[in-house]
$ cat coords.txt   # compact mmCIF, C-alpha atoms
# COMPACT_ATOMS: atom_id res chain seq x y z
CA MET A 12 0.00 0.00 0.00
CA THR A 13 1.42 3.39 -0.94
CA THR A 14 2.02 6.07 1.65
CA LYS A 15 -0.69 8.29 0.11
CA VAL A 16 -3.31 5.53 0.27
CA ARG A 17 -2.25 4.56 3.79
CA CYS A 18 -2.60 8.18 4.88
CA VAL A 19 -6.08 8.43 3.35
CA SER A 20 -7.14 5.12 4.92
CA ASN A 21 -5.83 6.05 8.34
CA GLY A 22 -7.18 9.57 7.94
CA VAL A 23 -10.66 8.27 7.14
CA ILE A 24 -10.79 6.10 10.25
CA THR A 25 -9.16 8.76 12.45
CA MET A 26 -11.57 11.45 11.24
CA ALA A 27 -14.44 9.06 11.96
CA ALA A 28 -13.20 8.62 15.53
CA VAL A 29 -12.79 12.36 15.99
CA ALA A 30 -16.27 12.96 14.57
CA VAL A 31 -17.76 10.47 17.01
CA LEU A 32 -15.83 11.26 20.12
CA GLY A 33 -14.19 14.60 19.53
CA PHE A 34 -10.76 13.34 20.52
CA PRO A 35 -8.07 10.88 19.36
CA MET A 36 -8.23 7.12 18.87
CA MET A 37 -6.91 6.19 22.31
CA ALA A 38 -10.26 7.22 23.75
CA LEU A 39 -12.02 4.52 21.74
CA ALA A 40 -11.07 1.85 24.29
CA ALA A 41 -13.94 2.99 26.52
CA LYS A 42 -16.60 2.63 23.81
CA GLN A 43 -17.35 0.14 21.02
CA VAL A 44 -17.62 2.27 17.91
CA SER A 45 -19.43 1.20 14.76
CA VAL A 46 -18.60 2.86 11.46
CA THR A 47 -20.20 2.38 8.06
CA LEU A 48 -18.04 3.18 5.04
CA ILE A 49 -19.85 3.52 1.71
CA THR A 50 -17.50 3.69 -1.24
CA SER A 51 -18.47 4.62 -4.78
CA THR A 52 -16.64 1.65 -6.31
CA LEU A 53 -14.28 -1.20 -5.66
CA ASN A 54 -13.31 -1.44 -9.34
CA ASN A 55 -10.52 1.10 -8.83
CA PRO A 56 -7.29 0.01 -7.12
CA PHE A 57 -7.15 3.29 -5.18
CA PHE A 58 -10.49 2.65 -3.48
CA VAL A 59 -9.66 -1.02 -2.88
CA SER A 60 -6.49 0.13 -1.11
CA VAL A 61 -8.40 2.71 0.92
CA VAL A 62 -10.91 0.07 2.04
CA ASP A 63 -8.14 -2.43 2.84
CA GLY A 64 -6.33 0.21 4.88
CA ALA A 65 -9.52 1.27 6.65
CA LYS A 66 -10.26 -2.37 7.55
CA ALA A 67 -6.75 -2.85 8.92
CA GLU A 68 -6.89 0.37 10.93
CA ALA A 69 -10.38 -0.40 12.24
CA LYS A 70 -9.27 -3.86 13.32
CA SER A 71 -6.20 -2.51 15.11
CA GLU A 72 -8.36 0.08 16.92
CA GLY A 73 -11.24 -2.25 17.79
CA ILE A 74 -13.74 -0.43 15.57
CA ASN A 75 -16.65 -2.36 14.07
CA LEU A 76 -16.40 -1.37 10.37
CA ASP A 77 -19.12 -2.16 7.83
CA VAL A 78 -17.97 -1.54 4.24
CA GLU A 79 -20.51 -1.15 1.43
CA ASN A 80 -19.92 -0.73 -2.32
CA ALA A 81 -22.28 1.47 -4.37
CA ASN A 82 -20.93 0.10 -7.68
CA ASN A 83 -20.89 3.62 -9.17
CA SER A 84 -24.67 3.96 -8.72
CA ALA A 85 -25.99 7.05 -6.97
CA GLN A 86 -29.27 5.24 -6.24
CA THR A 87 -27.44 2.27 -4.73
CA ALA A 88 -25.36 4.66 -2.61
CA LEU A 89 -28.53 6.33 -1.31
CA ASN A 90 -30.16 2.94 -0.59
CA LEU A 91 -27.02 1.81 1.27
CA THR A 92 -27.11 5.07 3.23
CA MET A 93 -30.73 4.57 4.24
CA THR A 94 -29.92 1.02 5.39
CA ALA A 95 -26.89 2.27 7.32
CA VAL A 96 -28.90 5.07 8.95
CA SER A 97 -31.49 2.51 10.10
CA LYS A 98 -28.67 0.69 11.95
CA HIS A 99 -27.49 4.02 13.41
CA PRO A 100 -23.69 3.66 13.26
CA ASN A 101 -21.63 6.06 15.33
CA VAL A 102 -20.34 7.62 12.13
CA LEU A 103 -20.94 7.34 8.39
CA ILE A 104 -17.98 7.62 6.01
CA ILE A 105 -18.89 8.24 2.39
CA ASP A 106 -17.16 8.43 -0.95
CA PRO A 107 -20.09 9.77 -2.99
CA VAL A 108 -20.62 8.77 -6.61
CA GLY A 109 -21.11 12.48 -7.33
CA SER A 110 -21.24 15.76 -5.44
CA ASN A 111 -24.98 16.27 -5.92
CA SER A 112 -26.00 12.69 -5.15
CA GLY A 113 -23.70 12.75 -2.13
CA SER A 114 -25.81 15.55 -0.68
CA ALA A 115 -28.80 13.22 -0.34
CA MET A 116 -26.58 10.76 1.55
CA VAL A 117 -25.40 13.48 3.91
CA ARG A 118 -28.93 14.77 4.54
CA GLN A 119 -30.12 11.26 5.47
CA ALA A 120 -27.36 10.98 8.08
CA ASN A 121 -27.86 14.58 9.25
CA ARG A 122 -31.55 13.91 9.95
CA ALA A 123 -30.55 10.93 12.10
CA LYS A 124 -27.84 13.00 13.82
CA ILE A 125 -25.10 10.65 12.60
CA PRO A 126 -21.73 12.35 12.05
CA VAL A 127 -20.58 12.23 8.41
CA VAL A 128 -17.05 12.11 7.03
CA ALA A 129 -16.67 12.34 3.24
CA PHE A 130 -13.57 11.58 1.22
CA ASP A 131 -12.45 12.04 -2.37
CA ARG A 132 -15.59 13.95 -3.50
CA ALA A 133 -17.24 16.61 -1.39
CA PRO A 134 -21.04 16.60 -1.39
CA SER A 135 -22.45 19.91 -2.63
CA SER A 136 -24.66 20.39 0.45
CA GLY A 137 -25.42 19.01 3.89
CA HIS A 138 -23.34 19.16 7.06
CA LEU A 139 -20.02 17.28 7.01
CA ASP A 140 -18.07 16.73 10.19
CA SER A 141 -14.94 16.32 8.09
CA PHE A 142 -13.77 16.06 4.48
CA ILE A 143 -10.62 14.35 3.28
CA GLY A 144 -9.75 15.27 -0.28
CA TYR A 145 -8.76 18.11 -2.52
CA ASP A 146 -10.44 20.83 -4.57
CA ALA A 147 -10.75 19.14 -7.98
CA ILE A 148 -11.98 22.33 -9.66
CA ALA A 149 -8.97 24.33 -8.47
CA ALA A 150 -6.67 21.47 -9.50
CA GLY A 151 -8.24 21.42 -12.98
CA LYS A 152 -7.81 25.18 -13.35
CA ALA A 153 -4.16 24.94 -12.28
CA ALA A 154 -3.54 22.11 -14.77
CA ALA A 155 -5.19 24.08 -17.59
CA LYS A 156 -3.14 27.17 -16.74
CA ALA A 157 0.10 25.15 -16.72
CA LEU A 158 -0.81 23.57 -20.07
CA ALA A 159 -1.60 26.96 -21.61
CA GLN A 160 1.70 28.38 -20.35
CA SER A 161 3.65 25.40 -21.71
CA LEU A 162 2.12 25.95 -25.17
CA ASN A 163 3.41 29.53 -25.08
CA GLY A 164 0.58 30.83 -27.26
CA LYS A 165 0.99 28.09 -29.89
CA GLY A 166 -1.00 24.93 -30.45
CA LYS A 167 -4.59 23.95 -29.93
CA VAL A 168 -6.19 22.41 -26.89

$ encode --input "coords.txt" --output "structure tokens"
Amino acid sequence: MTTKVRCVSNGVITMAAVAVLGFPMMALAAKQVSVTLITSTLNNPFFVSVVDGAKAEAKSEGINLDVENANNSAQTALNLTMTAVSKHPNVLIIDPVGSNSGSAMVRQANRAKIPVVAFDRAPSSGHLDSFIGYDAIAAGKAAAKALAQSLNGKGKV
């Protein structure tokens, strides 16, 4: 597992613990914590590595982790969220299929007062307790600017 993926995996579980308890992992010993992680896909090696890392970290910290795969379907992700909310985990971790569809997932958890941590894609609305990711729009603008500068006024994009 690469360092970046390990950091994301550990970060996801750590942020879940902080969202639930408001302080670091060592405090988990006093309470059995259940976490549901809904990922957009397991057909991408990055997400497989994140899930593997999250499972390993959860096991080492004594966290009950339920992992669900939305198979790149926004409707499946929402259905999985509704099922998770009915079980009332201590925290819901989501990797939404899309920013807009992720908002419905967040709102479901918000109504049930379940803390939500999102990673990779930020939902466009709803209350998140934490987000682990980057600003893809800003990254795209920076890449386009760098490409335009490298063309030095010549070429077509």

$ closest_residue --input "coords.txt" --among "A:Asn101, A:Asn55, A:Ser114, A:Asn163" --to "Ile74 of chain A" --atoms "all atoms listed in the file"
A:Asn101

$ atom_distance --input "coords.txt" --atom1 "atom CA of Asp77 of chain A" --atom2 "atom CA of Met93 of chain A"
13.9 Å

$ closest_atom_pairs --input "coords.txt" --of "segment 75-114 of chain A" --to "segment 126-148 of chain A" --cutoff "8 Å" --atoms "all atoms listed in the file" --output "JSON lines"
{"residue": "A:Asn101", "atom": "CA", "partner": "A:Pro126", "partner_atom": "CA", "distance": 7.1}
{"residue": "A:Val102", "atom": "CA", "partner": "A:Pro126", "partner_atom": "CA", "distance": 4.9}
{"residue": "A:Leu103", "atom": "CA", "partner": "A:Val127", "partner_atom": "CA", "distance": 4.9}
{"residue": "A:Ile104", "atom": "CA", "partner": "A:Val128", "partner_atom": "CA", "distance": 4.7}
{"residue": "A:Ile105", "atom": "CA", "partner": "A:Ala129", "partner_atom": "CA", "distance": 4.7}
{"residue": "A:Asp106", "atom": "CA", "partner": "A:Phe130", "partner_atom": "CA", "distance": 5.2}
{"residue": "A:Pro107", "atom": "CA", "partner": "A:Arg132", "partner_atom": "CA", "distance": 6.2}
{"residue": "A:Val108", "atom": "CA", "partner": "A:Arg132", "partner_atom": "CA", "distance": 7.9}
{"residue": "A:Gly109", "atom": "CA", "partner": "A:Arg132", "partner_atom": "CA", "distance": 6.9}
{"residue": "A:Ser110", "atom": "CA", "partner": "A:Pro134", "partner_atom": "CA", "distance": 4.1}
{"residue": "A:Asn111", "atom": "CA", "partner": "A:Ser135", "partner_atom": "CA", "distance": 5.5}
{"residue": "A:Ser112", "atom": "CA", "partner": "A:Pro134", "partner_atom": "CA", "distance": 7.4}
{"residue": "A:Gly113", "atom": "CA", "partner": "A:Pro134", "partner_atom": "CA", "distance": 4.7}
{"residue": "A:Ser114", "atom": "CA", "partner": "A:Pro134", "partner_atom": "CA", "distance": 4.9}

$ atom_distance --input "coords.txt" --atom1 "atom CA of Ala88 of chain A" --atom2 "atom CA of Ser45 of chain A"
18.7 Å

$ atom_distance --input "coords.txt" --atom1 "atom CA of Arg122 of chain A" --atom2 "atom CA of Ala65 of chain A"
25.6 Å

$ residues_around --input "coords.txt" --residues "Leu76 of chain A" --least-positions-apart "5" --cutoff "12 Å" --atoms "all atoms listed in the file" --output "list in words"
Val23, Ile24, Ala27, Ala28, Gln43, Val44, Ser45, Val46, Thr47, Leu48, Ile49, Val62, Asp63, Gly64, Ala65, Lys66, Ala67, Glu68, Ala69, Lys70, Ser71, Ala95, Pro100, Asn101, Val102, Leu103 and Ile104 of chain A

$ residues_around --input "coords.txt" --residues "Ser84 of chain A" --least-positions-apart "2" --cutoff "9 Å" --atoms "all atoms listed in the file" --output "MDAnalysis selection string"
chainID A and resid 51:52 81:82 86:89 108
